[in-house]
Every structure is written in structure tokens, then in C-alpha cells.
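A.B. asks: Dumping the structure here so I can ask a few things about it.
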Amino acid sequence: MSIKEKIKTAASIIHSSNYIVVFSGAGMSTESGIPDFRSPGGLWSKYDPGEYAEYSAFLSHPEKFWTMHKELSQTVLEASPNLGHKSLVTLEKEYRKLKAIITQNIDFLHSRAGNSNVLELHGSGQTACCLSCGTEFYYTDIQKQLDEGKEVPKCPKCEGLIKPNVVLFGESLPSNVFQQAIAEISSADLLIIIGSSLTVYPAASLPSMALDTGARIIIINDEATMMDHQADVAIHGKAGVILPLILEELRNIDS
Ligand code: NAD
């Protein structure tokens, strides 16, 4: 099937669906200038995840984590939602078909774009928490300490170690968010998977659950994924290009 035919097929599947859930990954935000982890030039080509993003490594060498996080956060704060994020707002607000977005991203771009039911499986870099006394902070408050040259920000109340509210390797997902994600998946008649290599578990187990509950699957990803053969349609391309083209087709069906 040509890309054009796949886009038409995706639009017609969306047209006949009523409870759409999106599952998004880092590829959703690369066109906003935030690198993913695994593509060439991605974060893992610069920072070894075992050294920089494991919970135990964070406790023993927090300065390494903060070096990476400071760079990623600066990029995230400067980024804006791209045409892919904006298309998902149209699908929610105009078509009223998109009911939830389950995201692995920590960049809060879906909420900033205007989607309302966003489930952040891996937390959000917008806030941070003291591991000793539990005080919550906005990242922008922590950033002041980093800008003043501190390698590892400390809690102003108790001098405890501060950790952004993002899930590191070796940590559990927030169980309430994961349960809500499962509930949304079981209600979905269509799951659209966007910009995820589907290799990070347990998040990547959710698309298989959608198959088990009979939802149709559309995949939009720059490269092939291991679920392509199980999808109703798998489109290889940029989310910020493909999603607006699908919306254009949807408008043609409706007119
Ligand atoms: P991943 O890096 O494993 O995979 C990203 C996938 O998106 C790749 O298959 C790539 O080909 C594809 N892709 C890249 N640009 C694309 C585009 N413009 N359009 C469509 N597809 C595109 O990412 P993942 O599956 O989300 O898992 C990795 C982990 O990375 C997650 O836990 C997530 O928390 C974390 N992460 C998040 C951000 C962010 O918040 N923006 C950035 C980097 C990593």
C-alpha cells in the first residue's frame, strides 16, 4: 500500500471509531526539537542510560543525572507543541473522538497543546520532590540552583536530595496512572501509537492489551516497529506531517 493509501485507510478507521486513545513516545516531540533516546543523535548516543538514568545510579552519582536532566529540561522548556500535538487537539476538541492520551513523554507538550486527559506514565519534568522530606517544587525553582553553579540541587528546607518527578530505570510506574491507562485501553475501539519504539516496559505492554481487548491499531512511526504486522495500518513517517494529512482526509470524508 502506498503512503497515500495508508493515510486514507487511517482516516477511514478514525472516522468509524468513537473511543480513540493515543499512546505516544519520544518520537512525538522530536519535531519540537526534543531528541528521542534511540535514534542516531538521540540522548543515549551521548549519555549511557545505565550511568545517567538508573535510580540506583541517581542515588550514588546524582551529579551525572543532573548534567543530563539540565540539558534535557532546557530543551523542553524552550520547546513548543508541533503540528502532530496540535492535530491531536483537533481530534479531541473538534471531532470529540480522542478520549485519552497515554504518553511516555516527560515534556508535558500534550497538555501545553491543549489536550485534557493526558496520562503521563513516566511522570513529568515540570515538578520535583525532596526524597527526604517530600516537599514538592516546580522545576523552574530548582533550576535557579543549577544556574548558580550547583551540580546537585538540595532541598532548601532539609538539604535532602531532590529528584524530578520522572520515572527512572529501576523505578515503578505510578500505579494510579498505569491503572487509569489500562482502563482507557480497555474502553478504546482504536489505539493510535505515535513515535514509540515500543521497547520500554511496562509501558510497551499497553498496546498488546489493546489488541487483546479488540481495539483496532494505527501506528505512526519514523521506522518499523515490532508491532507493525499486528496493526490495521502502520505508516512510516513524521508524526507532524502524517497526522495533519490524516486530518485533511478526515475532512474530505466528512464533507
Ligand atoms: P524511543 O526513543 O525508544 O523511540 C522513539 C521512536 O520514535 C523511534 O522508533 C523513532 O524512529 C520514532 N520517531 C522519531 N522521530 C519521529 C517523528 N518525528 N515522527 C514519528 N516517529 C518518530 O522512545 P520511546 O518509545 O518513547 O521510549 C523511550 C523513553 O524515552 C520513554 O520512557 C520516554 O519517557 C523517554 N523520553 C522522553 C522524551 C520526551 O519527553 N520528549 C524524550 C526522550 C526520551
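Lettering and numbering for the C-alpha cells are positional, with chains as A, B, ... in the shown order, residues counted from 1 in each chain, and ligands counted from 1 in the shown order.
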Within 6 Å of ligand 1, counting only C-alpha atoms and all ligand atoms: which residues, as a PyMOL selection string?
C.D. replies: chain A and resi 25-31+34-39+104-107+122+195-198+200+220-223+237-239
A.B. asks: As a PyMOL selection string, list the residues of stretch 66-201 of chain A assigned to strand (DSSP E or B) by DSSP on the backbone atoms of this structure.
C.D. replies: chain A and resi 98-103+118-120+123-130+136-138+154+161-166+169+190-194
A.B. asks: With distances taken over only C-alpha atoms, which of A:Lys163, A:Lys86, A:Lys46, A:Lys93 is nearest to A:Gly123?
C.D. replies: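 So, comparing all the options, the nearest one is A:Lys163.
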A.B. asks: Taking only C-alpha atoms into account, name the residue in A:Ala181, A:Trp66, A:Ala11, A:Ala57 that is nearest to A:Ile142.
C.D. replies: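 Looking only at the distances to A:Ile142, the closest residue turns out to be A:Trp66.
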A.B. asks: Which one is closest to A:Arg216: A:Asn165, A:Thr140, A:Ser186, A:Ser172? Count only C-alpha atoms.
C.D. replies: A:Ser186
A.B. asks: Hey, can you check how far atom CA of A:Lys150 sits from atom CA of A:Glu136?
C.D. replies: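 Separation of atom CA of A:Lys150 and atom CA of A:Glu136: 19.0 Å.
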A.B. asks: Given only C-alpha atoms as the basis, pick out the residue of A:Thr127, A:Asn82, A:Gln230, A:Ser24 nearest to A:Thr103.
C.D. replies: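 Nearest candidate to A:Thr103 out of A:Thr127, A:Asn82, A:Gln230, A:Ser24: A:Ser24.
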A.B. asks: From the set A:Ile253, A:Ile235, A:Ile194, A:Met226, which residue has the shortest atom-to-atom contact distance to A:Ile7, counting only C-alpha atoms?
C.D. replies: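 That would be A:Ile235, the residue with the smallest distance to A:Ile7.
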A.B. asks: So that I can check the surroundings of A:Tyr201, please list as a ChimeraX atom specification every protein, DNA and RNA residue that reaches within 10 Å of it, counting only C-alpha atoms and ignoring chain neighbours fewer than 3 positions away.
C.D. replies: /A:169,173,198,204-206
A.B. asks: Run DSSP on the backbone and grab whatever in stretch 153-186 of chain A lands in helix (DSSP H, G or I); send it over as a PyMOL selection string.
C.D. replies: chain A and resi 175-186
A.B. asks: Generate a file of the selected residues that holds all heavy atoms, formatted as a compact mmCIF listing (two decimals), in the first residue's frame.
C.D. replies:
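Final output, saved to out.txt:
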# COMPACT_ATOMS: atom_id res chain seq x y z
N SER A 175 1.36 3.80 40.09
CA SER A 175 0.38 2.74 39.85
C SER A 175 -1.01 3.29 39.50
O SER A 175 -1.72 2.70 38.70
CB SER A 175 0.31 1.77 41.03
OG SER A 175 -0.20 2.45 42.13
N ASN A 176 -1.38 4.46 40.08
CA ASN A 176 -2.71 5.01 39.74
C ASN A 176 -2.77 5.40 38.26
O ASN A 176 -3.78 5.16 37.59
CB ASN A 176 -3.06 6.20 40.65
CG ASN A 176 -2.01 7.30 40.59
OD1 ASN A 176 -0.85 7.04 40.30
ND2 ASN A 176 -2.41 8.52 40.85
N VAL A 177 -1.68 5.95 37.74
CA VAL A 177 -1.66 6.36 36.32
C VAL A 177 -1.71 5.13 35.42
O VAL A 177 -2.44 5.09 34.42
CB VAL A 177 -0.40 7.22 36.01
CG1 VAL A 177 -0.37 7.64 34.55
CG2 VAL A 177 -0.35 8.44 36.91
N PHE A 178 -0.95 4.09 35.81
CA PHE A 178 -0.93 2.87 34.99
C PHE A 178 -2.32 2.22 34.99
O PHE A 178 -2.80 1.77 33.94
CB PHE A 178 0.14 1.90 35.52
CG PHE A 178 0.50 0.82 34.53
CD1 PHE A 178 1.04 1.15 33.30
CD2 PHE A 178 0.31 -0.52 34.84
CE1 PHE A 178 1.38 0.16 32.37
CE2 PHE A 178 0.64 -1.52 33.92
CZ PHE A 178 1.18 -1.18 32.69
N GLN A 179 -2.99 2.22 36.16
CA GLN A 179 -4.34 1.64 36.22
C GLN A 179 -5.32 2.44 35.35
O GLN A 179 -6.15 1.85 34.65
CB GLN A 179 -4.86 1.63 37.68
CG GLN A 179 -4.18 0.61 38.58
CD GLN A 179 -4.12 -0.79 37.97
OE1 GLN A 179 -5.07 -1.24 37.34
NE2 GLN A 179 -2.98 -1.45 38.10
N GLN A 180 -5.20 3.77 35.38
CA GLN A 180 -6.08 4.60 34.53
C GLN A 180 -5.80 4.31 33.05
O GLN A 180 -6.71 4.27 32.23
CB GLN A 180 -5.82 6.09 34.77
CG GLN A 180 -6.39 6.64 36.06
CD GLN A 180 -5.95 8.09 36.26
OE1 GLN A 180 -6.12 8.93 35.41
NE2 GLN A 180 -5.33 8.37 37.38
N ALA A 181 -4.52 4.11 32.73
CA ALA A 181 -4.15 3.82 31.33
C ALA A 181 -4.78 2.49 30.90
O ALA A 181 -5.34 2.39 29.79
CB ALA A 181 -2.63 3.77 31.19
N ILE A 182 -4.73 1.49 31.77
CA ILE A 182 -5.33 0.19 31.44
C ILE A 182 -6.84 0.36 31.21
O ILE A 182 -7.42 -0.19 30.27
CB ILE A 182 -5.05 -0.85 32.56
CG1 ILE A 182 -3.56 -1.20 32.57
CG2 ILE A 182 -5.89 -2.11 32.36
CD1 ILE A 182 -3.13 -2.09 33.73
N ALA A 183 -7.48 1.17 32.08
CA ALA A 183 -8.93 1.39 31.94
C ALA A 183 -9.24 2.06 30.60
O ALA A 183 -10.19 1.68 29.91
CB ALA A 183 -9.44 2.25 33.11
N GLU A 184 -8.44 3.05 30.22
CA GLU A 184 -8.67 3.73 28.94
C GLU A 184 -8.48 2.77 27.77
O GLU A 184 -9.24 2.76 26.82
CB GLU A 184 -7.74 4.95 28.78
CG GLU A 184 -8.03 6.11 29.72
CD GLU A 184 -9.40 6.76 29.49
OE1 GLU A 184 -10.09 6.42 28.51
OE2 GLU A 184 -9.78 7.60 30.31
N ILE A 185 -7.42 1.95 27.87
CA ILE A 185 -7.14 0.98 26.80
C ILE A 185 -8.31 0.01 26.66
O ILE A 185 -8.73 -0.34 25.55
CB ILE A 185 -5.83 0.19 27.12
CG1 ILE A 185 -4.62 1.09 27.02
CG2 ILE A 185 -5.71 -1.06 26.25
CD1 ILE A 185 -4.00 1.25 25.66
N SER A 186 -8.89 -0.40 27.79
CA SER A 186 -9.97 -1.39 27.67
C SER A 186 -11.25 -0.77 27.13
O SER A 186 -12.12 -1.48 26.65
CB SER A 186 -10.20 -2.14 28.99
OG SER A 186 -10.44 -1.21 29.99
A.B. asks: Just checking: using only C-alpha atoms, which residue out of A:His69, A:Lys99, A:Lys64, A:Arg112 ends up closest to A:Ile192?
C.D. replies: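 Nearest candidate to A:Ile192 out of A:His69, A:Lys99, A:Lys64, A:Arg112: A:Lys99.
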A.B. asks: For atom CA of A:Val118 and atom CA of A:Leu83, determine how far apart the two atoms are, in Å to one decimal place.
C.D. replies: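 We find that atom CA of A:Val118 and atom CA of A:Leu83 lie 17.4 Å from each other.
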A.B. asks: Between atom CA of A:Val76 and atom CA of A:Ser208, what is the distance, to one decimal in Å?
C.D. replies: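 It comes out at 29.6 Å.
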A.B. asks: Pick out the residues sitting within 9 Å of A:Ile13, and hand them over as a list of chain:residue names; count only C-alpha atoms, and ignore anything fewer than 6 positions along from it in its own chain.
C.D. replies: A:Leu190, A:Arg216, A:Ile218, A:Asp232
